[in-house]
Amino acid sequence: MDQNHPPLLYLDGVSVSFDGFKAINNLSLIVQHGELQAIIGPNGAGKTTMMDIVTGKTRPDEGEVFFTGDIDLTRLDEAAIAELGIGRKFQKPTVFESHTVWDNLELALKKPRGVFSAWFYNSSKEDEERLEEILATIRLTVRRDELAANLSHGQKQWLEIGMLLAQDPKLLLVDEPVAGMTDAETVETARLLKEIAASRSVIVVEHDMSFIRDLAARVTVLAEGSVLAQGSLDHVSADPRVIESYLGR
Ligand SMILES: Nc1ncnc2c1ncn2[C@@H]1O[C@H](COP(=O)(O)OP(=O)(O)OP(=O)(O)O)[C@@H](O)[C@H]1O
């Protein structure tokens, strides 16, 4: 790692086994500041486990995981890692159904990012402007007063992404966001994530290839717990090993 210009996220030689099975095997991965990166790969490739390692849910047996160059994530717990500005969106949307879109965002803004945040919070003009901005980003401005329960599945996913944005993460990990979305929502989600990545780094795990194409991001192909190929979607799609282990199946 270039110590003068460290990447936002740096994994090197990371391995983790479950009952003797190497779910992550000597994985090295870099995410730059302001980068949108797509991670693809067959079921069981270790995509979820990789995110579990970054967010502190799973401890690696071996290897280095550094954030902003000098912060060793393997020594921190989940709350401390969230507090550093690493947000994670799980596959299923978890919004407060009986609250409005606006209230969901406001609750996320008030929620401390981790246990070390200030406990006292006063709503300010500045916060309201931020929430308005987030509403526009997640395409829900006109539905701000709607109960979250009345949103479509795709809109719930966007709302949850907005709730993470309210926490102002430096790195956003997004797990299979377009599963179950309509085609139109899927196309819009690619646009939305590209906009978000203009001001922070985003890792997206997905199986939907037309969505990955729309993202126009650098693609990392994981297989059997390590990086099989990396580059543009066209580049990795032409790799015979990628075709054999994933795309050709
Ligand atoms: N806590 C755990 N205990 C035991 N085995 C696990 C655990 N977590 C993951 N695994 C195993 O590790 C391997 C990698 O799983 P992982 O969920 O990371 O893959 P994935 O690439 O996210 O797959 P998918 O595309 O299906 O979500 C799998 O064989 C899985 O069964």
# chains A, B, ... in the order shown; residues from 1 in each chain; ligands from 1
$ select_by_dssp --residues "segment 48-234 of chain A" --states "helix (DSSP H, G or I)" --output "JSON, numbers by chain"
{"A": [48, 49, 50, 51, 52, 53, 54, 73, 74, 75, 78, 79, 80, 81, 82, 83, 84, 101, 102, 103, 104, 105, 106, 107, 108, 109, 110, 125, 126, 127, 128, 129, 130, 131, 132, 133, 134, 135, 136, 137, 141, 142, 143, 148, 149, 150, 153, 154, 155, 156, 157, 158, 159, 160, 161, 162, 163, 164, 165, 183, 184, 185, 186, 187, 188, 189, 190, 191, 192, 193, 194, 195, 196, 209, 210, 211, 212, 213, 214, 215, 233, 234]}
$ residues_near_ligand --ligand "ligand 1" --cutoff "6 Å" --atoms "only C-alpha atoms and all ligand atoms" --output "VMD selection string"
chain A and resid 18 23 42 to 49
$ write_last_selection --atoms "C-alpha atoms" --output "mmCIF file, in the first residue's frame"
data_model
loop_
_atom_site.group_PDB
_atom_site.id
_atom_site.type_symbol
_atom_site.label_atom_id
_atom_site.label_comp_id
_atom_site.auth_asym_id
_atom_site.auth_seq_id
_atom_site.Cartn_x
_atom_site.Cartn_y
_atom_site.Cartn_z
ATOM 1 C CA PHE A 18 -15.781 -22.116 8.902
ATOM 2 C CA ALA A 23 -14.916 -19.273 2.756
ATOM 3 C CA PRO A 42 -21.215 -17.613 -7.960
ATOM 4 C CA ASN A 43 -23.207 -18.561 -4.867
ATOM 5 C CA GLY A 44 -20.874 -19.349 -2.011
ATOM 6 C CA ALA A 45 -17.983 -17.324 -3.523
ATOM 7 C CA GLY A 46 -17.585 -15.414 -0.268
ATOM 8 C CA LYS A 47 -19.214 -12.095 -1.181
ATOM 9 C CA THR A 48 -21.303 -11.877 1.983
ATOM 10 C CA THR A 49 -18.428 -13.124 4.127
#
$ closest_residue --among "A:Val227, A:Val142, A:Ile212, A:Leu36" --to "Leu193 of chain A" --atoms "only C-alpha atoms"
A:Leu36
$ residues_around --residues "Ala216 of chain A" --least-positions-apart "2" --cutoff "10 Å" --atoms "only C-alpha atoms" --output "PyMOL selection string"
chain A and resi 36-38+190+194+211-214+218-219+232-234
$ write_last_selection --atoms "C-alpha atoms" --output "short mmCIF file (atom, residue, chain, number, x, y, z; two decimals), in the first residue's frame"
data_model
loop_
_atom_site.label_atom_id
_atom_site.label_comp_id
_atom_site.auth_asym_id
_atom_site.auth_seq_id
_atom_site.Cartn_x
_atom_site.Cartn_y
_atom_site.Cartn_z
CA LEU A 36 -18.10 2.52 -7.24
CA GLN A 37 -17.11 -1.15 -7.38
CA ALA A 38 -19.28 -4.10 -8.33
CA ALA A 190 -28.03 2.03 -11.10
CA LYS A 194 -23.74 6.25 -9.48
CA PHE A 211 -27.76 -3.85 -13.75
CA ILE A 212 -23.99 -4.41 -13.45
CA ARG A 213 -23.65 -3.19 -17.03
CA ASP A 214 -25.65 -0.04 -16.22
CA ARG A 218 -14.98 -1.66 -12.06
CA VAL A 219 -16.01 -5.28 -11.53
CA SER A 232 -14.52 -3.57 -16.77
CA LEU A 233 -17.52 -5.85 -17.24
CA ASP A 234 -16.43 -6.47 -20.85
#
$ closest_atom_pairs --of "segment 23-64 of chain A" --to "segment 83-97 of chain A" --cutoff "9 Å" --atoms "only C-alpha atoms" --output "tab-separated table"
residue	atom	partner	partner_atom	distance
A:Met51	CA	A:Arg88	CA	8.4
A:Val54	CA	A:Ile86	CA	8.4
A:Thr55	CA	A:Ile86	CA	7.1
$ select_by_dssp --residues "segment 137-238 of chain A" --states "strand (DSSP E)" --output "PyMOL selection string"
chain A and resi 171-175+201-205+218-223+226-231
$ atom_distance --atom1 "atom CA of Ala148 of chain A" --atom2 "atom CA of Val101 of chain A"
5.5 Å
$ residues_around --residues "Thr137 of chain A" --least-positions-apart "3" --cutoff "10 Å" --atoms "only C-alpha atoms" --output "list in words"
Leu131, Glu132, Glu133, Ile134, Leu140, Thr141, Trp158, Leu159, Ile161, Gly162, Leu165, Arg191, Leu192, Leu193, Glu195 and Ile196 of chain A
